[in-house]
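Structure file protein-v3.tsv (TSV, C-alpha atoms) is printed below.
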```
chain	number	residue	atom	x	y	z
A	1	MET	CA	120.22	126.65	89.33
A	2	ASP	CA	119.66	128.07	85.87
A	3	PRO	CA	120.41	131.74	86.69
A	4	ARG	CA	118.77	133.15	83.58
A	5	LEU	CA	115.42	131.49	84.14
A	6	ARG	CA	115.56	132.11	87.90
A	7	ALA	CA	115.98	135.84	87.32
A	8	ARG	CA	113.18	135.85	84.78
A	9	PHE	CA	110.80	133.96	87.08
A	10	ASN	CA	111.51	136.17	90.10
A	11	ALA	CA	111.04	139.36	88.10
A	12	ASP	CA	107.67	138.09	86.90
A	13	PHE	CA	106.52	136.76	90.31
A	14	THR	CA	103.62	138.38	92.16
A	15	PRO	CA	101.61	137.29	95.22
A	16	ASP	CA	98.54	137.13	92.98
A	17	LYS	CA	100.19	134.53	90.78
A	18	TYR	CA	101.07	132.46	93.82
A	19	ALA	CA	97.47	132.75	94.99
A	20	ALA	CA	96.38	131.50	91.56
A	21	LEU	CA	98.69	128.50	91.96
A	22	LEU	CA	97.15	127.65	95.32
A	23	ARG	CA	93.61	127.98	93.95
A	24	CYS	CA	94.44	125.66	91.08
A	25	VAL	CA	95.99	123.05	93.39
A	26	ASN	CA	93.33	123.24	96.09
A	27	GLU	CA	90.23	123.49	93.92
A	28	THR	CA	91.05	120.91	91.24
A	29	GLU	CA	90.60	117.79	93.39
A	30	LYS	CA	88.01	116.78	95.99
A	31	TRP	CA	90.63	117.24	98.72
A	32	PRO	CA	93.07	120.18	99.03
A	33	ALA	CA	96.78	120.04	99.72
A	34	ASP	CA	97.38	119.66	103.46
A	35	PHE	CA	100.99	120.76	103.15
A	36	ARG	CA	102.62	123.98	102.03
A	37	ILE	CA	103.17	124.55	98.31
A	38	ALA	CA	106.34	126.47	97.50
A	39	GLU	CA	106.19	129.67	95.48
A	40	THR	CA	108.47	128.40	92.73
A	41	PRO	CA	109.76	125.37	90.89
A	42	VAL	CA	113.50	124.68	90.80
A	43	PHE	CA	115.16	125.28	87.43
A	44	LEU	CA	117.93	122.76	86.77
A	45	THR	CA	120.80	123.13	84.38
A	46	ARG	CA	121.33	120.40	81.81
A	47	GLU	CA	124.57	119.41	83.56
A	48	PHE	CA	122.92	118.93	86.95
A	49	THR	CA	119.97	117.11	85.38
A	50	ASP	CA	122.29	114.63	83.70
A	51	GLU	CA	124.23	114.12	86.94
A	52	VAL	CA	121.21	113.52	89.17
A	53	VAL	CA	119.68	111.12	86.63
A	54	ARG	CA	122.93	109.13	86.48
A	55	ALA	CA	123.21	109.15	90.28
A	56	ALA	CA	119.65	107.88	90.79
A	57	LYS	CA	119.95	105.13	88.21
A	58	GLU	CA	123.28	103.98	89.61
A	59	ILE	CA	121.79	103.64	93.10
A	60	VAL	CA	118.73	101.77	91.82
A	61	ASP	CA	121.01	99.44	89.86
A	62	LEU	CA	122.92	98.60	93.06
A	63	THR	CA	119.68	97.39	94.67
A	64	ARG	CA	119.25	94.86	91.87
A	65	THR	CA	122.47	92.92	92.50
A	66	SER	CA	122.83	89.53	94.17
A	67	GLU	CA	125.02	91.15	96.83
A	68	PHE	CA	122.22	93.56	97.71
A	69	ALA	CA	119.70	90.72	97.86
A	70	LYS	CA	121.85	89.05	100.54
A	71	HIS	CA	122.03	92.31	102.48
A	72	ALA	CA	118.25	92.83	102.25
A	73	VAL	CA	117.37	89.39	103.65
A	74	SER	CA	117.51	90.74	107.21
A	75	ALA	CA	115.63	93.97	106.46
A	76	ILE	CA	112.10	92.91	107.41
A	77	PRO	CA	111.33	93.05	111.16
A	78	ALA	CA	110.15	89.80	112.73
A	79	GLY	CA	106.47	89.16	112.19
A	80	LEU	CA	105.98	91.74	109.41
A	81	GLU	CA	106.90	89.71	106.31
A	82	VAL	CA	104.06	89.55	103.79
A	83	PRO	CA	103.49	86.42	101.62
A	84	ASN	CA	103.70	86.30	97.82
A	85	GLU	CA	106.49	88.83	97.39
A	86	SER	CA	106.79	90.23	93.87
A	87	ALA	CA	109.89	89.62	91.78
A	88	HIS	CA	110.87	93.27	91.99
A	89	PRO	CA	109.63	96.56	93.47
A	90	ASN	CA	106.97	98.46	91.54
A	91	PHE	CA	108.27	101.81	92.79
A	92	TYR	CA	111.53	103.46	93.73
A	93	VAL	CA	112.01	106.93	95.13
A	94	VAL	CA	115.55	108.23	95.65
A	95	ASP	CA	116.07	111.44	97.66
A	96	PHE	CA	119.09	113.67	97.10
A	97	ALA	CA	120.17	116.77	98.96
A	98	ILE	CA	121.36	119.49	96.59
A	99	CYS	CA	124.80	120.43	97.90
A	100	ARG	CA	127.65	122.64	96.83
A	101	GLU	CA	130.96	120.92	96.23
A	102	GLY	CA	133.60	123.45	95.29
A	103	ASP	CA	132.10	125.73	92.67
A	104	GLN	CA	129.57	123.12	91.51
A	105	PHE	CA	126.23	121.82	92.77
A	106	SER	CA	125.98	118.08	93.29
A	107	PRO	CA	123.30	115.60	94.44
A	108	ARG	CA	124.02	113.69	97.66
A	109	LEU	CA	121.90	110.67	98.64
A	110	ILE	CA	119.72	111.17	101.73
A	111	GLU	CA	117.28	108.26	101.60
A	112	LEU	CA	115.65	105.80	99.22
A	113	GLN	CA	112.49	103.74	99.38
A	114	ALA	CA	110.76	101.09	97.28
A	115	PHE	CA	107.42	102.71	98.06
A	116	PRO	CA	105.06	104.99	96.12
A	117	SER	CA	105.25	108.75	96.34
A	118	LEU	CA	103.04	111.55	95.02
A	119	PHE	CA	102.87	110.19	91.47
A	120	GLY	CA	99.42	111.66	90.84
A	121	PHE	CA	99.88	114.97	92.61
A	122	GLN	CA	103.11	115.91	90.84
A	123	LEU	CA	101.29	115.86	87.50
A	124	LEU	CA	98.64	118.19	88.95
A	125	LEU	CA	101.26	120.49	90.48
A	126	LEU	CA	103.12	120.86	87.18
A	127	ALA	CA	99.89	121.73	85.34
A	128	CYS	CA	98.96	124.32	87.97
A	129	MET	CA	102.43	125.90	87.88
A	130	ARG	CA	102.20	126.24	84.10
A	131	THR	CA	98.78	127.89	84.48
A	132	ALA	CA	99.83	130.31	87.22
A	133	PHE	CA	103.33	131.24	86.02
A	134	ARG	CA	103.61	132.21	82.37
A	135	ALA	CA	107.36	132.79	82.83
A	136	ILE	CA	107.89	129.00	82.69
A	137	PRO	CA	108.82	128.09	79.10
A	138	ARG	CA	106.70	125.34	77.54
A	139	ASN	CA	109.75	123.24	76.71
A	140	TRP	CA	110.76	122.98	80.38
A	141	THR	CA	109.51	119.75	81.93
A	142	SER	CA	109.70	117.69	85.12
A	143	SER	CA	109.75	114.30	83.42
A	144	PHE	CA	112.76	112.43	82.06
A	145	GLY	CA	113.66	110.68	78.86
A	146	GLY	CA	111.21	112.70	76.79
A	147	ILE	CA	108.18	111.10	78.50
A	148	LYS	CA	104.92	112.92	77.75
A	149	ASP	CA	101.88	113.01	80.04
A	150	GLU	CA	100.07	110.17	78.27
A	151	GLN	CA	103.15	107.94	78.39
A	152	TYR	CA	103.53	108.78	82.07
A	153	LEU	CA	99.92	107.84	82.77
A	154	ASP	CA	100.28	104.64	80.76
A	155	LEU	CA	103.28	103.61	82.87
A	156	LEU	CA	101.34	104.37	86.06
A	157	ARG	CA	98.34	102.44	84.74
A	158	ARG	CA	100.43	99.37	83.84
A	159	THR	CA	102.17	99.51	87.23
A	160	ILE	CA	99.14	100.03	89.46
A	161	ILE	CA	96.24	98.49	87.50
A	162	ALA	CA	98.06	96.05	85.17
A	163	ASP	CA	95.48	93.79	83.50
A	164	ALA	CA	92.74	94.34	86.09
A	165	GLN	CA	89.79	96.73	85.83
A	166	PRO	CA	90.16	99.99	87.79
A	167	GLU	CA	87.15	99.13	89.97
A	168	ASN	CA	88.91	95.95	91.10
A	169	VAL	CA	91.98	97.91	92.21
A	170	ILE	CA	92.13	99.97	95.40
A	171	LEU	CA	94.53	102.47	96.92
A	172	LEU	CA	94.92	101.09	100.44
A	173	GLU	CA	95.58	103.49	103.31
A	174	ILE	CA	94.71	104.18	106.95
A	175	GLU	CA	91.84	106.69	107.00
A	176	PRO	CA	92.85	108.13	103.62
A	177	GLU	CA	90.64	111.19	104.04
A	178	LYS	CA	92.78	112.24	107.05
A	179	GLN	CA	96.22	111.73	105.52
A	180	LYS	CA	98.39	114.72	104.56
A	181	THR	CA	98.88	113.11	101.15
A	182	ARG	CA	95.14	112.76	100.47
A	183	ILE	CA	95.32	115.18	97.53
A	184	ASP	CA	97.51	112.60	95.78
A	185	PHE	CA	94.88	109.93	96.46
A	186	ALA	CA	92.24	112.18	94.88
A	187	ALA	CA	94.46	112.86	91.87
A	188	THR	CA	95.12	109.12	91.47
A	189	GLU	CA	91.38	108.41	91.50
A	190	ARG	CA	90.74	111.04	88.84
A	191	LEU	CA	93.63	109.95	86.62
A	192	LEU	CA	93.30	106.16	86.95
A	193	GLY	CA	89.85	105.47	88.44
A	194	VAL	CA	91.44	103.80	91.48
A	195	ARG	CA	89.72	104.81	94.71
A	196	PRO	CA	91.30	105.21	98.16
A	197	VAL	CA	89.94	102.73	100.69
A	198	CYS	CA	90.58	102.51	104.43
A	199	VAL	CA	92.08	99.29	105.79
A	200	THR	CA	89.06	98.95	108.11
A	201	ALA	CA	86.61	98.95	105.17
A	202	ILE	CA	88.03	95.76	103.65
A	203	LYS	CA	86.04	92.52	103.98
A	204	LYS	CA	87.68	89.10	103.78
A	205	ARG	CA	86.07	85.83	102.67
A	206	GLY	CA	88.42	82.93	102.35
A	207	ARG	CA	91.54	84.24	100.62
A	208	GLN	CA	89.67	86.99	98.79
A	209	LEU	CA	89.15	90.64	99.73
A	210	TYR	CA	86.16	92.88	98.94
A	211	TYR	CA	85.12	96.52	99.26
A	212	GLU	CA	82.02	98.57	98.54
A	213	ARG	CA	81.90	101.00	95.62
A	214	ASP	CA	78.78	102.90	94.58
A	215	GLY	CA	76.56	100.49	96.48
A	216	ARG	CA	78.16	97.37	95.01
A	217	GLU	CA	80.49	94.90	96.67
A	218	LEU	CA	83.52	94.34	94.45
A	219	ARG	CA	86.38	91.91	94.65
A	220	ILE	CA	89.85	93.41	95.11
A	221	GLU	CA	92.33	92.00	92.60
A	222	ARG	CA	95.18	94.46	93.08
A	223	ILE	CA	96.21	96.61	96.04
A	224	TYR	CA	98.04	99.89	95.45
A	225	ASN	CA	99.59	99.93	98.89
A	226	ARG	CA	100.12	103.27	100.64
A	227	VAL	CA	100.02	101.91	104.20
A	228	ILE	CA	103.17	102.54	106.22
A	229	PHE	CA	103.70	99.82	108.81
A	230	ASP	CA	105.10	102.24	111.37
A	231	GLU	CA	101.74	104.02	111.46
A	232	LEU	CA	99.71	100.81	111.28
A	233	LEU	CA	101.47	99.29	114.30
A	234	LYS	CA	100.78	102.38	116.39
A	235	ARG	CA	97.07	102.39	115.62
A	236	GLU	CA	95.78	99.86	118.13
A	237	ASP	CA	92.29	101.34	117.68
A	238	LEU	CA	91.98	99.93	114.16
A	239	HIS	CA	90.05	96.70	113.69
A	240	LEU	CA	90.95	94.94	110.43
A	241	GLN	CA	89.14	91.95	108.96
A	242	PHE	CA	92.35	90.80	107.30
A	243	SER	CA	96.04	90.76	108.08
A	244	PHE	CA	98.90	91.82	105.83
A	245	GLN	CA	100.47	88.49	106.77
A	246	ASP	CA	97.52	86.51	105.31
A	247	ASP	CA	98.02	84.47	102.14
A	248	LEU	CA	95.66	86.56	100.00
A	249	ASP	CA	94.30	86.00	96.51
A	250	ALA	CA	95.23	89.54	95.47
A	251	ALA	CA	98.31	91.10	93.92
A	252	TRP	CA	100.18	93.99	95.48
A	253	ALA	CA	101.10	97.06	93.44
A	254	GLY	CA	104.00	97.89	95.66
A	255	HIS	CA	104.49	94.72	97.70
A	256	PRO	CA	104.95	95.66	101.39
A	257	ASN	CA	108.16	93.66	101.78
A	258	TRP	CA	110.00	96.03	99.46
A	259	TYR	CA	109.22	98.93	101.81
A	260	PHE	CA	111.72	97.32	104.20
A	261	ARG	CA	114.16	95.76	101.76
A	262	VAL	CA	114.92	99.04	99.95
A	263	SER	CA	114.97	101.63	102.69
A	264	LYS	CA	117.29	103.30	105.21
A	265	HIS	CA	118.35	99.70	105.92
A	266	SER	CA	120.06	99.84	102.51
A	267	LEU	CA	122.20	102.93	103.18
A	268	PRO	CA	125.18	101.20	104.83
A	269	PHE	CA	125.42	98.91	101.80
A	270	LEU	CA	125.39	101.62	99.10
A	271	THR	CA	128.61	103.27	98.02
A	272	THR	CA	128.79	105.57	95.02
A	273	ALA	CA	130.21	109.00	94.25
A	274	HIS	CA	126.88	110.46	95.42
A	275	THR	CA	126.46	108.63	98.75
A	276	SER	CA	127.77	109.42	102.22
A	277	PRO	CA	129.08	106.99	104.86
A	278	ALA	CA	126.34	105.23	106.84
A	279	PHE	CA	126.48	102.62	109.61
A	280	PHE	CA	124.07	100.64	111.72
A	281	ALA	CA	124.20	102.11	115.21
A	282	ASP	CA	125.63	98.90	116.67
A	283	GLN	CA	128.40	98.91	114.05
A	284	PHE	CA	129.43	102.55	114.30
A	285	PRO	CA	133.25	102.73	114.24
A	286	ALA	CA	135.01	103.87	117.40
A	287	ASP	CA	137.24	106.26	115.45
A	288	GLU	CA	134.40	108.11	113.68
A	289	GLN	CA	133.43	111.57	114.92
A	290	ILE	CA	129.78	111.16	115.93
A	291	ASP	CA	129.13	114.91	115.71
A	292	ASP	CA	129.43	114.54	111.94
A	293	TYR	CA	126.49	112.13	111.77
A	294	VAL	CA	122.71	112.15	112.07
A	295	LEU	CA	120.88	109.33	113.87
A	296	LYS	CA	117.80	107.89	112.13
A	297	PRO	CA	115.35	105.11	113.03
A	298	LEU	CA	115.19	102.62	110.17
A	299	TYR	CA	111.48	102.45	109.54
A	300	SER	CA	109.91	105.73	110.62
A	301	PHE	CA	108.71	108.29	108.09
A	302	ALA	CA	108.36	112.08	107.62
A	303	GLY	CA	111.43	112.79	109.76
A	304	VAL	CA	109.96	111.18	112.88
A	305	GLY	CA	112.66	110.25	115.41
A	306	VAL	CA	115.58	111.82	113.55
A	307	ASP	CA	118.28	113.11	115.93
A	308	MET	CA	120.55	115.76	114.45
A	309	GLU	CA	122.84	115.76	117.51
A	310	PRO	CA	123.60	112.14	118.44
A	311	THR	CA	126.10	111.20	121.15
A	312	ARG	CA	127.82	107.98	122.19
A	313	GLU	CA	125.65	108.01	125.32
A	314	LYS	CA	122.49	108.11	123.18
A	315	LEU	CA	123.76	105.14	121.17
A	316	ARG	CA	124.36	103.11	124.32
A	317	ALA	CA	120.81	103.91	125.47
A	318	LEU	CA	119.14	102.49	122.33
A	319	ASN	CA	117.10	99.36	122.98
A	320	ASN	CA	117.57	97.98	119.45
A	321	PRO	CA	120.63	99.70	117.97
A	322	HIS	CA	120.53	97.60	114.79
A	323	GLU	CA	117.20	99.30	114.00
A	324	TRP	CA	118.96	102.67	113.80
A	325	ILE	CA	121.55	104.07	111.42
A	326	LEU	CA	124.05	106.86	111.60
A	327	GLN	CA	124.47	108.71	108.33
A	328	HIS	CA	127.11	111.33	107.65
A	329	LYS	CA	125.58	114.79	107.64
A	330	VAL	CA	125.32	116.65	104.38
A	331	ASP	CA	125.40	120.40	103.94
A	332	TYR	CA	122.40	121.55	101.93
A	333	ALA	CA	123.30	124.51	99.76
A	334	PRO	CA	121.08	127.61	99.92
A	335	PHE	CA	120.77	128.27	96.20
A	336	VAL	CA	117.18	129.18	95.28
A	337	ALA	CA	117.17	132.97	95.19
A	338	THR	CA	113.85	134.37	96.45
A	339	VAL	CA	112.19	137.72	95.94
A	340	ASP	CA	112.84	138.42	99.64
A	341	GLY	CA	116.59	138.31	99.14
A	342	LEU	CA	116.96	135.02	101.04
A	343	LYS	CA	117.95	131.68	99.56
A	344	SER	CA	116.15	128.37	100.04
A	345	LYS	CA	117.66	124.89	100.20
A	346	ALA	CA	116.16	121.92	98.44
A	347	GLU	CA	116.20	118.18	98.01
A	348	ILE	CA	115.00	116.35	94.95
A	349	ARG	CA	113.18	113.01	94.88
A	350	MET	CA	113.72	110.96	91.75
A	351	MET	CA	110.64	108.82	91.08
A	352	PHE	CA	110.69	105.45	89.27
A	353	VAL	CA	107.91	103.05	88.32
A	354	TRP	CA	108.39	99.41	87.36
A	355	PRO	CA	105.43	97.57	85.81
A	356	ASP	CA	105.37	93.84	86.64
A	357	ASP	CA	106.34	92.69	83.15
A	358	ASP	CA	108.90	95.36	82.27
A	359	PRO	CA	112.57	94.33	82.33
A	360	ASN	CA	113.71	97.54	84.03
A	361	PRO	CA	112.33	100.42	86.11
A	362	THR	CA	111.62	103.74	84.38
A	363	LEU	CA	112.50	107.15	85.80
A	364	VAL	CA	109.38	109.22	85.22
A	365	ASN	CA	109.22	112.31	87.39
A	366	ASN	CA	110.55	114.18	90.41
A	367	LEU	CA	109.45	115.91	93.57
A	368	VAL	CA	111.19	118.78	95.36
A	369	ARG	CA	111.04	119.87	98.97
A	370	MET	CA	112.35	123.33	99.76
A	371	SER	CA	113.45	124.58	103.17
A	372	GLN	CA	114.98	127.45	105.05
A	373	GLY	CA	115.03	125.48	108.31
A	374	LYS	CA	117.24	122.82	109.85
A	375	MET	CA	115.30	119.96	108.27
A	376	MET	CA	113.38	119.53	105.03
A	377	GLY	CA	109.92	118.51	106.17
A	378	VAL	CA	107.16	121.11	106.02
A	379	ASP	CA	106.62	120.70	109.77
A	380	PHE	CA	110.10	122.17	110.28
A	381	ASN	CA	109.43	125.25	108.12
A	382	ILE	CA	106.28	126.69	109.64
A	383	ASP	CA	105.76	130.43	109.00
A	384	LYS	CA	108.47	130.56	106.31
A	385	THR	CA	107.94	131.42	102.64
A	386	TRP	CA	109.50	129.98	99.47
A	387	VAL	CA	109.52	126.58	101.18
A	388	GLY	CA	107.43	123.43	100.88
A	389	ALA	CA	106.41	121.07	98.11
A	390	SER	CA	107.61	121.84	94.61
A	391	ILE	CA	108.99	120.28	91.45
A	392	ALA	CA	112.21	120.57	89.45
A	393	LEU	CA	112.11	121.53	85.79
A	394	HIS	CA	114.74	121.15	83.11
A	395	GLU	CA	114.91	122.06	79.47
A	396	ASN	CA	113.57	119.34	77.19
A	397	LEU	CA	116.03	119.50	74.31
```
Since I need it in another form, could you write the structure as structure tokens?
Amino acid sequence: MDPRLRARFNADFTPDKYAALLRCVNETEKWPADFRIAETPVFLTREFTDEVVRAAKEIVDLTRTSEFAKHAVSAIPAGLEVPNESAHPNFYVVDFAICREGDQFSPRLIELQAFPSLFGFQLLLLACMRTAFRAIPRNWTSSFGGIKDEQYLDLLRRTIIADAQPENVILLEIEPEKQKTRIDFAATERLLGVRPVCVTAIKKRGRQLYYERDGRELRIERIYNRVIFDELLKREDLHLQFSFQDDLDAAWAGHPNWYFRVSKHSLPFLTTAHTSPAFFADQFPADEQIDDYVLKPLYSFAGVGVDMEPTREKLRALNNPHEWILQHKVDYAPFVATVDGLKSKAEIRMMFVWPDDDPNPTLVNNLVRMSQGKMMGVDFNIDKTWVGASIALHENL
């Protein structure tokens, strides 16, 4: 949205530079990116940066109130609660659509989650963009609060590893080598020494968990959890030697309960200048125009199950309407001018980490998804250009 830097970047852009970006991303780690990388970062003005930072922090603050805690009690589906819940989430990600309101751009809340995102990959992506595109000034950054790379890594280390040794910490996932986010797992291993491990490779003896690393069996003291329950429940072919519901002698870096407590389940509770009306499907008001809303399942991911054209008949047909929400539609603004003369839309994910012993979460980085389609996910933008995964930069004054 910084017109000066946008014009400068586009004038300097060439397909060869984009190819260099892709080589850097895909050849740096042991696994490549299995999703599309956009041709450009987003350049934010200082005014928008300040607004989106305030908006994200205000929403996170609302999830820390006693009123929210009462609301979140009912968030976890029956049978999925995990013992030994941490005092607070270790991660927050807050997604905003970038919209136009009058003659200004403004962030509008889409979703939030107390679950990790691509914390390792975004650092790699920024480095590769700096290497490929010399038009990006050195004093433009993706981080917030003046955080440098080493401070960022230290916060990640204290959040994920804490006082354990890296070899006693695992990144837990379902067949990590097959996940679309596997490049982030590889980046995390390189940056922190924490390896991705499949849920089926875990051994359990008593209350303790073990895994094999370089021919040695090691005890697991901390679990950097990347498993999404929605996927786990669908994989009846998996045979685990432990259950998430076991009382384990291991700490969670990202306790699974927070995945439910701070989620789409939270949206009807949150009201700020940057949120839109949201209702559980069984509480949708009779006088609301349903055409103005989008229907979302509470606990799915990557846009699965989202219905952009809900009807009253569809609501009546839901088996468990309290496990669905209706959220007022937002109008993404096409604002990223491309070299093809088209404009892309974008949403920005604000990424927080919260080490166990810190009094407050810290906003560290961001992630951008760009689109020219109806929805943001890369699956909805096949065969388009200037779309996909990116990052937002702002001037570090």
Open item on the list: List the spatial neighbours of stretch 81-90 of chain A as a list in words - criterion: any atom at most 9 Å away, only C-alpha atoms, same-chain residues fewer than 5 positions off excluded.
Closed with: Arg64, Ile76, Ala114, Phe115, Pro116, Thr159, Ile160, Phe244, Gln245, Asp246, Asp247, Leu248, Ala251, Trp252, Ala253, Gly254, His255, Pro256, Asn257, Trp258, Tyr259, Val262, Phe352, Val353, Trp354, Pro355, Asp356 and Pro361 of chain A
TODO: Return the single residue from A:Gln165, A:Thr272, A:Gln104, A:Ser300 that is closest to A:Lys234, with distances computed using all atoms listed in the file.
DONE: A:Ser300
Show me, as a PDB file with C-alpha atoms, in the coordinates of the input, the residues that have an atom within 10 Å of A:Gln208 when counting all atoms listed in the file, minus same-chain residues fewer than 6 positions from it.
```
ATOM      1  CA  ARG A 219      86.380  91.910  94.650  1.00  0.00           C
ATOM      2  CA  ILE A 220      89.850  93.410  95.110  1.00  0.00           C
ATOM      3  CA  GLU A 221      92.330  92.000  92.600  1.00  0.00           C
ATOM      4  CA  PHE A 242      92.350  90.800 107.300  1.00  0.00           C
ATOM      5  CA  ASP A 247      98.020  84.470 102.140  1.00  0.00           C
ATOM      6  CA  LEU A 248      95.660  86.560 100.000  1.00  0.00           C
ATOM      7  CA  ASP A 249      94.300  86.000  96.510  1.00  0.00           C
ATOM      8  CA  ALA A 250      95.230  89.540  95.470  1.00  0.00           C
TER       9      ALA A 250
END
```
TODO: Can you work out the spacing between atom CA of A:Thr40 and atom CA of A:Leu112 in Å, to one decimal?
DONE: 24.6 Å
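Nearest residue to A:Arg36, choosing from A:Ser266, A:Ala333, A:Lys180, A:Asp2 and counting all atoms listed in the file: A:Lys180.
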- [ ] One decimal, Å: what's the distance from atom CA of A:Leu270 over to atom CA of A:Ile290, could you say?
- [x] 19.8 Å
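The coordinates place atom CA of A:Lys345 at 21.0 Å from atom CA of A:Leu295.
Among the candidates A:Arg8, A:Arg46, A:Arg213, A:Arg261, the residue lying nearest to A:Ala72 is A:Arg261 (atoms considered: all atoms listed in the file).
Nearest-residue note for A:Asp50: choosing from A:His394, A:Arg130, A:Lys264, A:Lys384, the minimum distance belongs to A:His394, counting all atoms listed in the file.
Nearest residue to A:Gly206 among A:Ser74, A:Thr311, A:Gln241, A:Gln179 is A:Gln241, counting only C-alpha atoms.
Taking only C-alpha atoms into account, A:Ala389 lies nearest to A:Thr181 out of the set A:Phe105, A:Thr181, A:Leu155, A:Leu363.
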TODO: Would you kindly return, as number ranges by chain, each protein, DNA or RNA residue with an atom no farther than 12 Å from any atom of A:Arg100, considering only C-alpha atoms and excluding same-chain residues fewer than 4 positions away?
DONE: A: 1, 48, 104-108, 330-335, 345-346
Residues from the last selection, C-alpha atoms, saved as a compact mmCIF listing (two decimals), in the coordinates of the input:
```
# COMPACT_ATOMS: atom_id res chain seq x y z
CA MET A 1 120.22 126.65 89.33
CA PHE A 48 122.92 118.93 86.95
CA GLN A 104 129.57 123.12 91.51
CA PHE A 105 126.23 121.82 92.77
CA SER A 106 125.98 118.08 93.29
CA PRO A 107 123.30 115.60 94.44
CA ARG A 108 124.02 113.69 97.66
CA VAL A 330 125.32 116.65 104.38
CA ASP A 331 125.40 120.40 103.94
CA TYR A 332 122.40 121.55 101.93
CA ALA A 333 123.30 124.51 99.76
CA PRO A 334 121.08 127.61 99.92
CA PHE A 335 120.77 128.27 96.20
CA LYS A 345 117.66 124.89 100.20
CA ALA A 346 116.16 121.92 98.44
```
Open item on the list: Excluding A:Pro310 and its own-chain neighbours fewer than 2 positions away, which residues fall within 10 Å of it when counting only C-alpha atoms? Please give them as a VMD selection string.
Closed with: chain A and resid 290 to 296 306 to 308 312 to 315 326
Open item on the list: Can you tell me which residues surround stretch 21-30 of chain A at a distance of at most 8 Å, considering only C-alpha atoms, apart from same-chain residues fewer than 3 positions away, and format the answer as a ChimeraX atom specification?
Closed with: /A:17-18,33,37,124-125,128-129,131-132,183,186-187
Since we have the selection now, will you write its residues out, keeping C-alpha atoms, as a PDB file, in the frame of the given file?
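Writing the result to out_1.pdb gives the following:
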```
ATOM      1  CA  LYS A  17     100.190 134.530  90.780  1.00  0.00           C
ATOM      2  CA  TYR A  18     101.070 132.460  93.820  1.00  0.00           C
ATOM      3  CA  ALA A  33      96.780 120.040  99.720  1.00  0.00           C
ATOM      4  CA  ILE A  37     103.170 124.550  98.310  1.00  0.00           C
ATOM      5  CA  LEU A 124      98.640 118.190  88.950  1.00  0.00           C
ATOM      6  CA  LEU A 125     101.260 120.490  90.480  1.00  0.00           C
ATOM      7  CA  CYS A 128      98.960 124.320  87.970  1.00  0.00           C
ATOM      8  CA  MET A 129     102.430 125.900  87.880  1.00  0.00           C
ATOM      9  CA  THR A 131      98.780 127.890  84.480  1.00  0.00           C
ATOM     10  CA  ALA A 132      99.830 130.310  87.220  1.00  0.00           C
ATOM     11  CA  ILE A 183      95.320 115.180  97.530  1.00  0.00           C
ATOM     12  CA  ALA A 186      92.240 112.180  94.880  1.00  0.00           C
ATOM     13  CA  ALA A 187      94.460 112.860  91.870  1.00  0.00           C
TER      14      ALA A 187
END
```
Starting from the structure just given, write a file holding stretch 134-144 of chain A with N, CA and C atoms, as a CSV table (one decimal), in the first residue's frame.
```
chain,number,residue,atom,x,y,z
A,134,ARG,N,16.5,-6.8,-5.1
A,134,ARG,CA,17.4,-5.7,-4.6
A,134,ARG,C,16.6,-4.4,-4.4
A,135,ALA,N,15.4,-4.3,-5.0
A,135,ALA,CA,14.6,-3.1,-4.8
A,135,ALA,C,14.0,-3.0,-3.4
A,136,ILE,N,14.1,-4.0,-2.6
A,136,ILE,CA,13.6,-3.9,-1.2
A,136,ILE,C,14.6,-3.2,-0.3
A,137,PRO,N,14.3,-2.1,0.2
A,137,PRO,CA,15.3,-1.4,1.1
A,137,PRO,C,15.6,-2.2,2.3
A,138,ARG,N,16.8,-2.1,2.8
A,138,ARG,CA,17.3,-2.9,3.9
A,138,ARG,C,16.6,-2.5,5.2
A,139,ASN,N,16.1,-1.3,5.3
A,139,ASN,CA,15.4,-0.9,6.5
A,139,ASN,C,13.9,-1.3,6.5
A,140,TRP,N,13.5,-2.0,5.5
A,140,TRP,CA,12.1,-2.5,5.5
A,140,TRP,C,12.1,-3.9,6.1
A,141,THR,N,11.2,-4.2,7.0
A,141,THR,CA,11.2,-5.5,7.8
A,141,THR,C,9.8,-6.1,7.9
A,142,SER,N,9.8,-7.3,8.3
A,142,SER,CA,8.5,-8.0,8.5
A,142,SER,C,8.2,-8.1,10.0
A,143,SER,N,9.2,-7.9,10.8
A,143,SER,CA,9.0,-8.1,12.3
A,143,SER,C,8.5,-6.8,12.9
A,144,PHE,N,8.2,-6.9,14.2
A,144,PHE,CA,7.5,-5.7,14.9
A,144,PHE,C,8.3,-5.4,16.1
```
